[in-house]
Structures are given as C-alpha cells and as structure tokens.
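J.: Just final.txt, nothing more (compact mmCIF, C-alpha atoms and all ligand atoms):
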# COMPACT_ATOMS: atom_id res chain seq x y z
CA MET N 29 24.21 -11.12 -10.16
CA GLY N 30 22.14 -9.15 -7.71
CA VAL N 31 21.40 -9.93 -4.09
CA ILE N 32 18.56 -12.30 -5.04
CA HIS N 33 19.21 -14.94 -7.72
CA PRO N 34 16.56 -14.72 -10.48
CA ASP N 35 16.14 -18.52 -10.41
CA ILE N 36 14.06 -19.27 -7.33
CA CYS N 37 15.56 -22.77 -7.12
CA LYS N 38 19.00 -21.29 -6.71
CA ALA N 39 18.06 -18.16 -4.76
CA GLU N 40 18.56 -17.34 -1.11
CA THR N 41 16.09 -15.03 0.70
CA LEU N 42 16.71 -11.38 1.57
CA PRO N 43 19.66 -11.12 4.01
CA SER N 44 18.74 -10.18 7.57
CA GLU N 45 20.63 -6.87 7.44
CA TYR N 46 17.92 -5.55 5.09
CA TYR N 47 15.55 -5.74 8.03
CA THR N 48 17.93 -4.38 10.65
CA ASP N 49 20.32 -1.88 9.03
CA GLU N 50 19.25 1.79 9.11
CA LYS N 51 21.12 2.69 5.94
CA LEU N 52 19.50 -0.10 3.91
CA TYR N 53 16.12 0.80 5.43
CA HIS N 54 16.35 4.37 4.10
CA GLN N 55 17.81 3.25 0.78
CA ILE N 56 14.74 1.08 0.18
CA LEU N 57 12.33 3.78 1.34
CA ASP N 58 13.79 6.04 -1.35
CA LYS N 59 12.29 3.65 -3.92
CA PHE N 60 8.72 4.42 -2.80
CA PRO N 61 8.24 7.52 -4.97
CA THR N 62 9.12 5.48 -8.08
CA SER N 63 5.63 3.99 -7.88
CA TRP N 64 2.16 5.50 -7.43
CA SER N 65 1.23 5.85 -3.76
CA PHE N 66 -2.14 5.07 -2.28
CA ILE N 67 -3.01 8.11 -0.16
CA GLY N 68 -6.40 7.16 1.27
CA PRO N 69 -10.10 7.19 0.46
CA SER N 70 -11.40 10.46 -1.00
CA SER N 71 -13.82 10.56 1.95
CA MET N 72 -10.90 11.77 4.08
CA LEU N 73 -11.58 15.17 2.52
CA ASN N 74 -15.30 15.15 3.41
CA GLN N 75 -14.83 17.06 6.69
CA ASN N 76 -11.64 19.01 5.99
CA THR N 77 -10.00 20.88 3.12
CA VAL N 78 -6.39 20.18 4.18
CA VAL N 79 -5.15 16.78 5.38
CA PRO N 80 -1.49 15.86 6.07
CA VAL N 81 -0.42 12.65 4.27
CA SER N 82 2.87 11.17 3.10
CA ILE N 83 4.41 9.59 0.03
CA GLY N 84 6.97 7.21 1.50
CA LYS N 85 8.94 9.46 3.84
CA ILE N 86 7.90 12.66 2.06
CA PRO N 87 5.44 14.88 3.97
CA MET N 88 2.58 16.05 1.74
CA LEU N 89 -0.76 17.79 2.10
CA LEU N 90 -3.91 16.69 0.42
CA THR N 91 -6.15 19.66 -0.31
CA LYS N 92 -9.63 20.14 -1.67
CA LYS N 93 -11.17 23.19 -3.28
CA GLY N 94 -14.57 22.54 -4.77
CA ASP N 95 -14.12 19.37 -6.82
CA GLU N 96 -10.40 19.94 -7.27
CA ILE N 97 -8.05 17.74 -5.25
CA ASN N 98 -4.34 18.55 -4.99
CA CYS N 99 -1.40 16.96 -3.25
CA VAL N 100 1.31 19.49 -2.42
CA SER N 101 4.51 19.45 -0.40
CA ASN N 102 3.96 19.99 3.32
CA VAL N 103 7.27 21.85 3.65
CA CYS N 104 7.37 25.66 3.55
CA THR N 105 9.50 27.01 0.71
CA HIS N 106 10.96 29.69 3.03
CA ARG N 107 13.00 27.85 5.68
CA GLY N 108 11.52 24.39 5.58
CA MET N 109 8.95 24.38 8.37
CA ILE N 110 6.26 21.70 8.22
CA LEU N 111 3.17 23.65 7.20
CA CYS N 112 0.38 21.65 8.71
CA GLN N 113 0.37 18.78 11.22
CA GLU N 114 -3.35 18.18 11.56
CA ASN N 115 -6.54 18.14 9.48
CA LYS N 116 -7.93 21.62 8.87
CA THR N 117 -10.74 23.41 7.15
CA THR N 118 -9.21 26.50 5.62
CA SER N 119 -9.07 28.28 2.28
CA SER N 120 -5.30 28.86 2.36
CA ILE N 121 -2.23 27.25 3.88
CA ILE N 122 -0.40 29.57 6.27
CA CYS N 123 3.06 28.65 7.55
CA PRO N 124 3.09 28.75 11.37
CA TYR N 125 6.73 29.98 11.39
CA HIS N 126 6.71 33.37 9.54
CA GLY N 127 3.32 33.47 7.88
CA ARG N 128 4.08 32.57 4.26
CA THR N 129 0.72 31.86 2.67
CA PHE N 130 -0.15 29.47 -0.13
CA SER N 131 -3.36 28.76 -2.00
CA LEU N 132 -4.72 25.20 -1.81
CA ASP N 133 -3.07 24.31 -5.13
CA GLY N 134 0.34 25.25 -3.67
CA LYS N 135 0.83 28.69 -5.28
CA ILE N 136 2.48 31.28 -3.05
CA LYS N 137 0.04 34.10 -2.25
CA HIS N 138 1.73 36.23 0.36
CA MET N 139 4.96 36.61 2.35
CA PRO N 140 5.39 39.23 5.09
CA LYS N 141 8.46 41.50 5.13
CA PHE N 142 9.76 40.45 1.72
CA SER N 143 9.58 43.76 -0.15
CA GLY N 144 12.87 44.43 -1.93
CA VAL N 145 13.67 40.73 -2.39
CA GLU N 146 14.77 40.27 -5.99
CA ASN N 147 13.08 37.79 -8.32
CA PHE N 148 10.45 37.07 -5.69
CA PRO N 149 8.17 35.25 -5.83
CA ALA N 150 9.56 32.74 -8.34
CA PRO N 151 8.08 29.38 -9.33
CA SER N 152 10.43 27.76 -6.78
CA ASP N 153 8.52 29.60 -4.04
CA ASP N 154 5.38 27.61 -4.89
CA LEU N 155 4.87 24.24 -3.20
CA PRO N 156 5.90 21.29 -5.38
CA CYS N 157 2.86 19.22 -6.43
CA ALA N 158 2.25 15.51 -6.95
CA GLN N 159 -0.13 14.21 -9.58
CA VAL N 160 -3.37 12.93 -8.00
CA VAL N 161 -5.86 10.43 -9.38
CA ASN N 162 -9.19 9.55 -7.81
CA TRP N 163 -9.78 5.88 -8.68
CA HIS N 164 -13.32 4.94 -7.65
CA GLY N 165 -13.03 6.91 -4.40
CA MET N 166 -9.43 5.90 -3.71
CA LEU N 167 -6.77 8.59 -4.03
CA PHE N 168 -3.37 7.84 -5.54
CA ALA N 169 -0.49 10.29 -5.90
CA ASN N 170 2.66 10.31 -7.99
CA LEU N 171 5.83 12.31 -7.55
CA SER N 172 8.20 10.54 -9.90
CA ALA N 173 6.66 7.28 -11.13
CA SER N 174 7.57 6.49 -14.71
CA LYS N 175 4.24 4.75 -15.39
CA THR N 176 0.97 6.52 -16.02
CA PHE N 177 -1.81 5.67 -13.57
CA ASP N 178 -3.55 3.58 -16.22
CA GLU N 179 -0.39 1.58 -16.80
CA TYR N 180 -0.01 1.15 -13.05
CA ILE N 181 -3.54 -0.07 -12.35
CA SER N 182 -4.39 -1.89 -15.61
CA VAL N 183 -3.14 -5.26 -14.37
CA VAL N 184 -5.72 -5.13 -11.56
CA GLU N 185 -8.49 -3.52 -13.59
CA GLU N 186 -8.29 -6.05 -16.42
CA ARG N 187 -8.39 -9.12 -14.19
CA MET N 188 -11.09 -7.67 -11.90
CA ASN N 189 -13.25 -6.32 -14.75
CA PHE N 190 -16.33 -8.11 -13.41
CA ILE N 191 -16.31 -5.93 -10.27
CA GLU N 192 -18.70 -2.99 -10.34
CA PHE N 193 -16.11 -0.51 -9.13
CA SER N 194 -18.50 2.42 -9.31
CA ARG N 195 -20.67 0.73 -6.65
CA LEU N 196 -17.85 0.32 -4.12
CA THR N 197 -18.69 2.36 -1.06
CA ILE N 198 -16.27 3.26 1.69
CA VAL N 199 -17.52 2.14 5.12
CA ASP N 200 -15.86 4.16 7.84
CA ASN N 201 -16.30 1.63 10.63
CA LEU N 202 -14.30 -0.93 8.68
CA ALA N 203 -11.20 1.27 8.97
CA ARG N 204 -8.44 -0.07 11.23
CA LEU N 205 -4.99 1.06 12.34
CA HIS N 206 -2.52 -1.55 13.54
CA ASP N 207 0.89 -0.72 14.99
CA ILE N 208 3.34 -3.56 14.67
CA SER N 209 6.81 -3.94 16.20
CA ALA N 210 8.42 -5.25 13.05
CA ASN N 211 10.03 -4.10 9.84
CA TRP N 212 7.48 -3.32 7.11
CA MET N 213 9.08 -5.78 4.66
CA LEU N 214 8.38 -8.69 7.00
CA TYR N 215 4.70 -7.77 6.85
CA VAL N 216 4.81 -7.78 3.04
CA ASP N 217 6.85 -11.03 2.94
CA ASN N 218 4.22 -12.72 5.05
CA TYR N 219 1.36 -11.35 2.94
CA LEU N 220 2.93 -12.65 -0.26
CA GLU N 221 2.64 -16.34 0.54
CA GLY N 222 -0.23 -18.61 1.48
CA PHE N 223 2.31 -21.22 2.59
CA HIS N 224 1.64 -20.35 6.23
CA ILE N 225 -2.17 -20.53 6.07
CA PRO N 226 -2.55 -24.10 7.42
CA TYR N 227 -0.05 -23.40 10.21
CA VAL N 228 -1.06 -19.90 11.25
CA HIS N 229 -4.69 -19.40 10.20
CA LYS N 230 -6.75 -22.42 11.28
CA GLY N 231 -10.03 -20.56 10.74
CA LEU N 232 -9.16 -19.25 7.29
CA ASN N 233 -7.76 -22.66 6.35
CA SER N 234 -11.18 -24.22 6.90
CA VAL N 235 -12.82 -22.04 4.21
CA ILE N 236 -9.95 -21.93 1.68
CA ASP N 237 -8.96 -24.82 -0.56
CA TYR N 238 -5.25 -24.71 0.18
CA SER N 239 -4.38 -27.32 -2.49
CA ASN N 240 -5.61 -24.90 -5.17
CA TYR N 241 -4.00 -21.68 -3.89
CA GLU N 242 -2.30 -19.89 -6.80
CA THR N 243 0.35 -17.17 -7.05
CA GLU N 244 0.86 -15.12 -10.22
CA VAL N 245 3.71 -12.69 -10.66
CA PHE N 246 3.48 -9.43 -12.68
CA ASP N 247 6.02 -6.63 -13.23
CA ASP N 248 5.20 -4.60 -10.12
CA ALA N 249 2.48 -6.76 -8.61
CA VAL N 250 1.70 -10.22 -7.27
CA LEU N 251 -1.73 -11.84 -7.35
CA GLN N 252 -2.70 -14.67 -5.05
CA VAL N 253 -5.96 -16.43 -5.80
CA GLY N 254 -7.73 -18.20 -2.95
CA TYR N 255 -10.21 -20.91 -3.88
CA ALA N 256 -13.16 -21.69 -1.64
CA VAL N 257 -13.97 -25.10 -0.21
CA ASP N 258 -17.42 -26.31 -1.27
CA GLY N 259 -20.31 -24.28 0.04
CA GLU N 260 -18.33 -21.14 0.88
CA GLU N 261 -19.01 -17.71 -0.64
CA VAL N 262 -17.45 -17.23 -4.10
CA PHE N 263 -17.35 -14.60 -6.86
CA ASP N 264 -19.92 -14.74 -9.62
CA ILE N 265 -17.54 -14.56 -12.59
CA PRO N 266 -19.05 -14.02 -16.05
CA ALA N 267 -18.52 -16.33 -19.05
CA GLY N 268 -15.56 -15.28 -21.14
CA HIS N 269 -13.43 -14.27 -18.15
CA GLN N 270 -10.29 -16.36 -17.63
CA ASP N 271 -11.52 -17.38 -14.16
CA TYR N 272 -15.06 -18.29 -15.28
CA GLY N 273 -16.28 -21.46 -13.59
CA LYS N 274 -13.72 -21.33 -10.77
CA ASN N 275 -14.73 -21.20 -7.10
CA ILE N 276 -12.73 -18.16 -6.13
CA ALA N 277 -13.13 -16.82 -2.60
CA ALA N 278 -10.53 -14.05 -2.70
CA TYR N 279 -8.15 -12.20 -4.97
CA TYR N 280 -5.19 -10.89 -2.99
CA TRP N 281 -3.30 -8.22 -4.94
CA TRP N 282 -0.06 -6.67 -3.78
CA ILE N 283 1.32 -3.72 -5.73
CA PHE N 284 4.88 -2.50 -5.22
CA PRO N 285 5.88 -1.37 -2.69
CA ASN N 286 3.26 -1.34 0.08
CA LEU N 287 -0.32 -1.58 -1.20
CA MET N 288 -2.63 -4.56 -0.86
CA LEU N 289 -6.03 -4.76 -2.54
CA ASN N 290 -8.01 -7.73 -1.25
CA PHE N 291 -11.16 -8.46 -3.24
CA TYR N 292 -13.84 -10.60 -1.63
CA PRO N 293 -17.41 -11.25 -2.76
CA TRP N 294 -18.52 -8.58 -0.22
CA GLY N 295 -16.17 -5.91 -1.58
CA LEU N 296 -12.63 -4.66 -1.19
CA SER N 297 -10.29 -4.44 1.77
CA ILE N 298 -7.32 -2.14 1.26
CA ASN N 299 -4.18 -2.41 3.39
CA VAL N 300 -1.40 0.14 3.28
CA VAL N 301 1.82 -0.89 4.99
CA LYS N 302 3.53 2.23 6.34
CA PRO N 303 7.13 2.02 7.50
CA LYS N 304 7.51 4.02 10.73
CA GLY N 305 11.04 2.97 11.65
CA ILE N 306 13.31 0.03 11.16
CA SER N 307 11.25 -2.15 13.54
CA SER N 308 8.01 -0.23 13.50
CA THR N 309 5.17 -0.43 11.00
CA GLN N 310 1.66 0.89 10.81
CA VAL N 311 -0.88 -1.01 8.76
CA VAL N 312 -3.89 1.03 7.70
CA TYR N 313 -7.04 -0.76 6.63
CA HIS N 314 -9.97 0.62 4.64
CA GLY N 315 -13.08 -1.31 3.70
CA MET N 316 -15.21 -0.67 0.61
CA VAL N 317 -18.42 -2.65 0.40
CA LEU N 318 -20.22 -3.94 -2.69
CA ASP N 319 -22.61 -6.42 -1.15
CA GLN N 320 -23.40 -5.90 2.53
CA ASP N 321 -25.22 -9.26 2.76
CA LYS N 322 -22.01 -11.16 2.10
CA PHE N 323 -20.02 -9.29 4.70
CA GLY N 324 -18.42 -11.34 7.48
CA ILE N 325 -18.49 -14.73 5.77
CA GLY N 326 -15.99 -16.87 3.83
CA ALA N 327 -12.33 -16.03 3.24
CA GLY N 328 -13.03 -12.31 3.74
CA GLY N 329 -14.96 -12.97 6.93
CA ASP N 330 -13.02 -12.74 10.15
CA LEU N 331 -10.30 -10.35 8.96
CA ASP N 332 -9.39 -9.09 12.45
CA THR N 333 -8.47 -12.59 13.67
CA VAL N 334 -6.36 -13.27 10.57
CA GLU N 335 -4.65 -9.90 11.01
CA HIS N 336 -3.63 -10.63 14.61
CA GLU N 337 -2.39 -14.09 13.70
CA ASP N 338 -0.21 -12.54 10.99
CA GLN N 339 1.07 -9.78 13.25
CA ASP N 340 2.29 -12.26 15.88
CA ILE N 341 4.25 -14.11 13.20
CA VAL N 342 5.71 -10.94 11.70
CA GLU N 343 6.86 -9.69 15.13
CA GLY N 344 8.42 -13.09 15.79
CA CYS N 345 10.37 -12.90 12.52
CA ASN N 346 11.54 -9.41 13.45
CA LEU N 347 13.15 -10.84 16.60
CA GLY N 348 14.68 -13.58 14.46
CA MET N 349 16.23 -11.09 12.01
CA ASN N 350 18.26 -9.62 14.88
CA SER N 351 19.85 -12.93 15.84
CA PRO N 352 23.51 -13.31 14.79
CA LEU N 353 22.70 -16.98 14.15
CA TYR N 354 20.32 -16.23 11.25
CA HIS N 355 21.31 -14.63 7.96
CA ARG N 356 19.10 -15.86 5.12
CA GLY N 357 17.11 -18.89 3.99
CA ARG N 358 15.81 -20.52 0.77
CA TYR N 359 12.46 -20.26 -1.04
CA SER N 360 9.83 -22.89 -1.78
CA PRO N 361 9.55 -22.74 -5.61
CA THR N 362 5.82 -23.50 -5.52
CA MET N 363 4.78 -21.48 -2.45
CA GLU N 364 7.09 -18.47 -2.25
CA LYS N 365 7.18 -17.05 -5.79
CA GLY N 366 5.63 -13.81 -4.57
CA VAL N 367 8.17 -13.31 -1.78
CA HIS N 368 11.01 -14.02 -4.22
CA HIS N 369 9.63 -11.44 -6.66
CA PHE N 370 9.26 -8.81 -3.91
CA HIS N 371 12.85 -9.36 -2.77
CA ARG N 372 14.07 -9.00 -6.35
CA LEU N 373 12.17 -5.73 -6.82
CA LEU N 374 13.61 -4.38 -3.55
CA THR N 375 17.20 -5.12 -4.45
CA GLU N 376 17.31 -4.62 -8.20
S1 LIG N 401 9.52 28.77 7.24
FE1 LIG N 401 7.56 29.16 6.51
S2 LIG N 401 7.41 31.30 6.56
FE2 LIG N 401 9.35 30.91 7.30
FE FE N 402 -1.45 -14.67 6.89
Go through the file and emit its structure as structure tokens.
Ligand code: FES
Ligand SMILES: [Fe+2]
T.:
Amino acid sequence: MGVIHPDICKAETLPSEYYTDEKLYHQILDKFPTSWSFIGPSSMLNQNTVVPVSIGKIPMLLTKKGDEINCVSNVCTHRGMILCQENKTTSSIICPYHGRTFSLDGKIKHMPKFSGVENFPAPSDDLPCAQVVNWHGMLFANLSASKTFDEYISVVEERMNFIEFSRLTIVDNLARLHDISANWMLYVDNYLEGFHIPYVHKGLNSVIDYSNYETEVFDDAVLQVGYAVDGEEVFDIPAGHQDYGKNIAAYYWWIFPNLMLNFYPWGLSINVVKPKGISSTQVVYHGMVLDQDKFGIGAGGDLDTVEHEDQDIVEGCNLGMNSPLYHRGRYSPTMEKGVHHFHRLLTE
C-alpha cells in the first residue's frame, strides 16, 4: 500500500515531512512535467516577442513570431547559460555568454568561433521545444505529458459546455501576484475542501449554501460545486445539461498539479500555484470576464478578501508542519475527498 490508503475512511493525511523535506519537495516537483502546464494568458506576448516562463522547475521561453507561438528551453545548448531573464522584443535569441544565436523557434542560427568543430551544428544544438496550445487565450505547454491536450481539458470542457469560451476576455487589472510563506501543497490542500468555509470565510459563507457543497473526483482533477443561497447570482444552465435547474454560484476546478479554474457567472478566475521553495509559494491570478455586469457579486465577488483569509490559514499550517508534535491526521469522508485524491496523486 502506498503512503495514502485508497479508502478515505482508513486513510491518514500526507505526512508532515512532505511539506518540510527538501528531497521530497524536489521529488514531487519532478512530477510537474507529466501534466500540461498553464503558462499564462496569450496577452503576455502582446508587448514582447520573448517572455521567460517555467514548466515546474524548468526554465523556458515563450516566443512569438507572427501568429506562431513557441515554448523553447531557456538554457543555451553551449555551456548552459540562461538565455533570457526578462521580457524582450527581438527577432532572435542571443546568448549573453558567448553569443550563440537561435531563431524564435529554437533553431541554432549562429555560433562565433566554431569553425572546424565536427558535426556542428547538430539537432542537439537546437533548443528543445515544448508543445504549446492556445486554449481560448490561455497558453498551455507540454514537455512530457502522456495525454493530448484534448484529453487533458475534456473533463472541464464537457461539464462547462454552456460557457461561451470564445467570449472570455482577459482583463489585465484583475491580475494578482501573492507571495505566501508556505509550501505550495498546503495551498492546494486548502483549496480542495469547502470544509473550512464557515470557519474561515464568513463573507463567502453568507452567499454559498454550505449544506449543498459538492466535491467530485476525476482522474487528474477535482471539481467543487458551490450552490448559491436564494437571491444570489447563479449560472444560467441550459436544459439537457446535468446541472440544469440547480442554483450554482461557482464551479471550482483543480487540475493536477497546480492549476485552478474558477468559473463564476461573471467569468473565469485562474490561479496558478507556483512552488518557489519548500516554504515559499507564489500564487498568480488572472481574470477573464464574460459578463462585466455580474462582476463583484456573489461567490465570485470579493475574491481578494477570500484569498487573504486562505493565505493566513495556509501559513499557519506551514508552521504546524514543522512541529515535532504533529505528523499526520485523518480525512472527513464527506468533506475532504478532494484533498485525499490530491495526496494520492502526489504519492502514487
Ligand atoms: S553558454 Fe551560450 S554561447 Fe556559451
Ligand atoms: Fe478558502
């Protein structure tokens, strides 16, 4: 049996060393490239042609040439220098160390002082590339995921088929960056249960019908459905859909390992949870609006307050993980299915 028992009624939670041990931290980060990675909104390439990004720990460059978007390694194939540390507008990538030059799709174009070098340039002198997909203005990249993008996203697309994705518009002033002094998995753990809503989020609790909160588990994803109390803003769900007739205020999707897609009647809030160190996490928010008139009300209303309430809890748990008097706990079978699933995916 693995670290986490498959039967939630028998299982114990993830041991505290997973949140505090450097070796385990890196071991888990190595799992990131097995899934598609959300890179950012395509609008990040509006001003620049080269933008440094990362897939898990792996430094990459997002590049744009005309309509073509590429995601190439940000490490020079000569002696391993990082090629580019800031956004740039340029038609080629030039290594700051000895001048090796690449085109925006990663092909080597020029290397000074290399005449006489045998078998040069070879394909291994080009920059390795990730696959990139532009999904309604959101960029995803893949280095070694076994699923196609359609297989990866279909669980979300099928359930959310009443959303007019093509009308989603990125709104720059909804973007946020939060630095948190806690392990990234504690942020995800907290996201994956609504158990804490009545205790931690008094404001949110007044617009959500906590007795109806639902958690559904999929292969690499967890969906939490928040129902509205009477009179609050809800989705207009068409007849024939499995959720037709329900007063749904929010769909909270988490996709392994670190992406959250929160659908509200006003649009979509995207959170990416970026590990920055064993006790350091950056959460990046992007907002895409469908219906401006509904913005700021209901379950998707005061997102900044909810975020700060969550961050205080997550930082508190991070302190707790370092106590020698805590090791692991148990799960609520009705409220913590999502957390149990996440812990199984991390340790399997
Ligand atoms: S490391 Fe890039 S040219 Fe030498
Ligand atoms: Fe929360």
J.: I'd like to know which of N:Val250, N:Ile36, N:Val160, N:Val317 is closest to N:Glu192, using all atoms listed in the file.
T.: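 Among the listed residues, the smallest separation from N:Glu192 belongs to N:Val317.
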J.: Counting all atoms listed in the file, which residues in chain N sit no more than 8 Å from ligand LIG 401 (chain N)? For each one, give the nearest pair of atoms and the distance in Å, sorted by chain then residue number, as a Markdown table.
T.:
| residue | atom | partner | partner_atom | distance |
| --- | --- | --- | --- | --- |
| N:Val103 | CA | N:LIG401 | FE1 | 7.9 |
| N:Cys104 | CA | N:LIG401 | FE1 | 4.6 |
| N:Thr105 | CA | N:LIG401 | FE1 | 6.5 |
| N:His106 | CA | N:LIG401 | S1 | 4.5 |
| N:Arg107 | CA | N:LIG401 | S1 | 3.9 |
| N:Gly108 | CA | N:LIG401 | S1 | 5.1 |
| N:Met109 | CA | N:LIG401 | S1 | 4.6 |
| N:Ile110 | CA | N:LIG401 | FE1 | 7.8 |
| N:Leu111 | CA | N:LIG401 | FE1 | 7.1 |
| N:Ile122 | CA | N:LIG401 | FE1 | 8.0 |
| N:Cys123 | CA | N:LIG401 | FE1 | 4.6 |
| N:Pro124 | CA | N:LIG401 | FE1 | 6.6 |
| N:Tyr125 | CA | N:LIG401 | FE2 | 4.9 |
| N:His126 | CA | N:LIG401 | S2 | 3.7 |
| N:Gly127 | CA | N:LIG401 | S2 | 4.8 |
| N:Arg128 | CA | N:LIG401 | S2 | 4.2 |
| N:Thr129 | CA | N:LIG401 | S2 | 7.8 |
| N:Met139 | CA | N:LIG401 | S2 | 7.2 |
J.: Ligand FE 402 (chain N): which residues are within 6 Å, counting all atoms listed in the file? Reply as a list in words.
T.: Tyr219, Ile225 and Asp338 of chain N
J.: Provide the atom CA of N:His224 to atom CA of N:Tyr46 distance in Å, to one decimal place.
T.: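 It comes out at 22.0 Å.
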J.: Env of N:Gly273: 12 Å cut, atoms = all atoms listed in the file, seq-sep filter 5 positions within chain, self excluded. Answer as number ranges by chain.
T.: N: 255, 262-268
J.: Between atom CA of N:Glu96 and atom CA of N:Thr77, measure the distance and give it in Å to one decimal.
T.: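 Between atom CA of N:Glu96 and atom CA of N:Thr77 the gap is 10.4 Å.
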J.: List the neighbours of N:Pro226 out to 10 Å using all atoms listed in the file; skip same-chain residues closer than 6 positions along the sequence, and give me the result as a PDB file with C-alpha atoms, keeping the file's coordinate frame.
T.:
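Result saved to around-v3.pdb:
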ATOM      1  CA  LEU N 232      -9.160 -19.250   7.290  1.00  0.00           C
ATOM      2  CA  ASN N 233      -7.760 -22.660   6.350  1.00  0.00           C
ATOM      3  CA  SER N 234     -11.180 -24.220   6.900  1.00  0.00           C
ATOM      4  CA  ILE N 236      -9.950 -21.930   1.680  1.00  0.00           C
ATOM      5  CA  TYR N 238      -5.250 -24.710   0.180  1.00  0.00           C
TER       6      TYR N 238
END
J.: For atom CA of N:Asp340 and atom CA of N:Glu260, quote the distance in Å rounded to one decimal.
T.: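 Interatomic distance, atom CA of N:Asp340 to atom CA of N:Glu260: 27.0 Å.
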J.: Dump as a tab-separated table the rows for residues of stretch 29-125 of chain N within 12 Å of stretch 362-369 of chain N: closest atom pair and distance in Å with one decimal, all atoms listed in the file counted, ordered by chain and rising residue number.
T.:
residue	atom	partner	partner_atom	distance
N:Val31	CA	N:His368	CA	11.2
N:Ile32	CA	N:His368	CA	7.8
N:His33	CA	N:His368	CA	9.0
N:Pro34	CA	N:His368	CA	8.4
N:Asp35	CA	N:His368	CA	9.2
N:Ile36	CA	N:His368	CA	6.8
N:Cys37	CA	N:Thr362	CA	9.9
N:Lys38	CA	N:His368	CA	11.1
N:Ala39	CA	N:His368	CA	8.2
N:Glu40	CA	N:His368	CA	8.8
N:Thr41	CA	N:His368	CA	7.1
N:Leu42	CA	N:His368	CA	8.5
J.: Looking at N:Ser209, N:Ser143, N:Asn115, N:Ser194, which one is nearest to N:Ile341, with distances taken over all atoms listed in the file?
T.: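 Nearest candidate to N:Ile341 out of N:Ser209, N:Ser143, N:Asn115, N:Ser194: N:Ser209.
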J.: Between N:Asp330, N:Asp248, N:Ile298, N:Gly134, single out the one closest to N:Val235, counting all atoms listed in the file.
T.: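 Looking at the shortest contact to N:Val235, the residue is N:Asp330.
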J.: What lies within 7 Å of N:Gly254 using only C-alpha atoms, ignoring chain neighbours under 4 positions off, as a list of chain:residue names?
T.: N:Ile236, N:Tyr241, N:Glu242, N:Ile276, N:Ala277, N:Ala278, N:Tyr279
J.: For stretch 336-351 of chain N, I'd like the enclosing box, axis-aligned and padded by 6 Å on every side, reported as JSON with centre and edge lengths in Å to one decimal.
T.:
{"center_x": 8.1, "center_y": -11.8, "center_z": 13.8, "size_x": 35.5, "size_y": 16.7, "size_z": 17.6}
J.: I'd like the contact shell of N:Phe130 - 6 Å cut-off, all atoms listed in the file, skipping same-chain residues fewer than 2 positions apart - returned as a list in words.
T.: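 Everything that qualifies: Ser120, Ile121, Gly134, Lys135, Ile136 and Lys137 of chain N.
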J.: Within 12 Å of (11.9, -2.5, -2.6), only C-alpha atoms: residues as a PyMOL selection string?
T.: chain N and resi 42+46-47+52-63+84+212-214+216-217+248-249+283-286+367-376
J.: With all atoms listed in the file as the atoms that count, which of N:Ser71, N:Gln252, N:Asn275, N:Asn218 lies nearest to N:Asp237?
T.: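 Ranked by minimum distance to N:Asp237, first place goes to N:Asn275.
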J.: Have stretch 370-375 of chain N completed to all heavy atoms, please, and pass it along as a short mmCIF file (atom, residue, chain, number, x, y, z; two decimals), in the frame of the given file.
T.:
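As written to disk, out21.cif reads:
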data_model
loop_
_atom_site.label_atom_id
_atom_site.label_comp_id
_atom_site.auth_asym_id
_atom_site.auth_seq_id
_atom_site.Cartn_x
_atom_site.Cartn_y
_atom_site.Cartn_z
N PHE N 370 9.15 -10.02 -4.74
CA PHE N 370 9.26 -8.81 -3.91
C PHE N 370 10.73 -8.53 -3.57
O PHE N 370 11.22 -7.40 -3.72
CB PHE N 370 8.43 -9.01 -2.63
CG PHE N 370 8.54 -7.91 -1.61
CD1 PHE N 370 8.41 -6.57 -1.95
CD2 PHE N 370 8.76 -8.23 -0.26
CE1 PHE N 370 8.50 -5.57 -0.98
CE2 PHE N 370 8.84 -7.23 0.70
CZ PHE N 370 8.71 -5.91 0.34
N HIS N 371 11.43 -9.54 -3.14
CA HIS N 371 12.85 -9.36 -2.77
C HIS N 371 13.69 -8.94 -3.97
O HIS N 371 14.62 -8.13 -3.84
CB HIS N 371 13.40 -10.65 -2.14
CG HIS N 371 12.81 -10.96 -0.82
ND1 HIS N 371 13.00 -12.15 -0.16
CD2 HIS N 371 12.01 -10.21 0.00
CE1 HIS N 371 12.36 -12.12 1.01
NE2 HIS N 371 11.74 -10.96 1.12
N ARG N 372 13.33 -9.43 -5.14
CA ARG N 372 14.07 -9.00 -6.35
C ARG N 372 13.79 -7.53 -6.64
O ARG N 372 14.70 -6.77 -6.96
CB ARG N 372 13.68 -9.88 -7.54
CG ARG N 372 14.20 -11.31 -7.40
CD ARG N 372 14.20 -12.02 -8.72
NE ARG N 372 15.14 -11.40 -9.63
CZ ARG N 372 15.04 -11.43 -10.95
NH1 ARG N 372 14.02 -12.04 -11.53
NH2 ARG N 372 15.94 -10.84 -11.70
N LEU N 373 12.52 -7.13 -6.54
CA LEU N 373 12.17 -5.73 -6.82
C LEU N 373 12.85 -4.80 -5.81
O LEU N 373 13.27 -3.68 -6.16
CB LEU N 373 10.65 -5.52 -6.75
CG LEU N 373 9.83 -6.16 -7.87
CD1 LEU N 373 8.34 -5.97 -7.60
CD2 LEU N 373 10.19 -5.58 -9.23
N LEU N 374 12.98 -5.23 -4.57
CA LEU N 374 13.61 -4.38 -3.55
C LEU N 374 15.08 -4.16 -3.80
O LEU N 374 15.63 -3.11 -3.49
CB LEU N 374 13.47 -5.04 -2.16
CG LEU N 374 12.11 -5.03 -1.50
CD1 LEU N 374 12.14 -5.92 -0.28
CD2 LEU N 374 11.71 -3.61 -1.10
N THR N 375 15.73 -5.17 -4.37
CA THR N 375 17.20 -5.12 -4.45
C THR N 375 17.71 -4.85 -5.85
O THR N 375 18.91 -4.72 -6.03
CB THR N 375 17.79 -6.46 -3.94
OG1 THR N 375 17.19 -7.54 -4.68
CG2 THR N 375 17.54 -6.65 -2.47
#
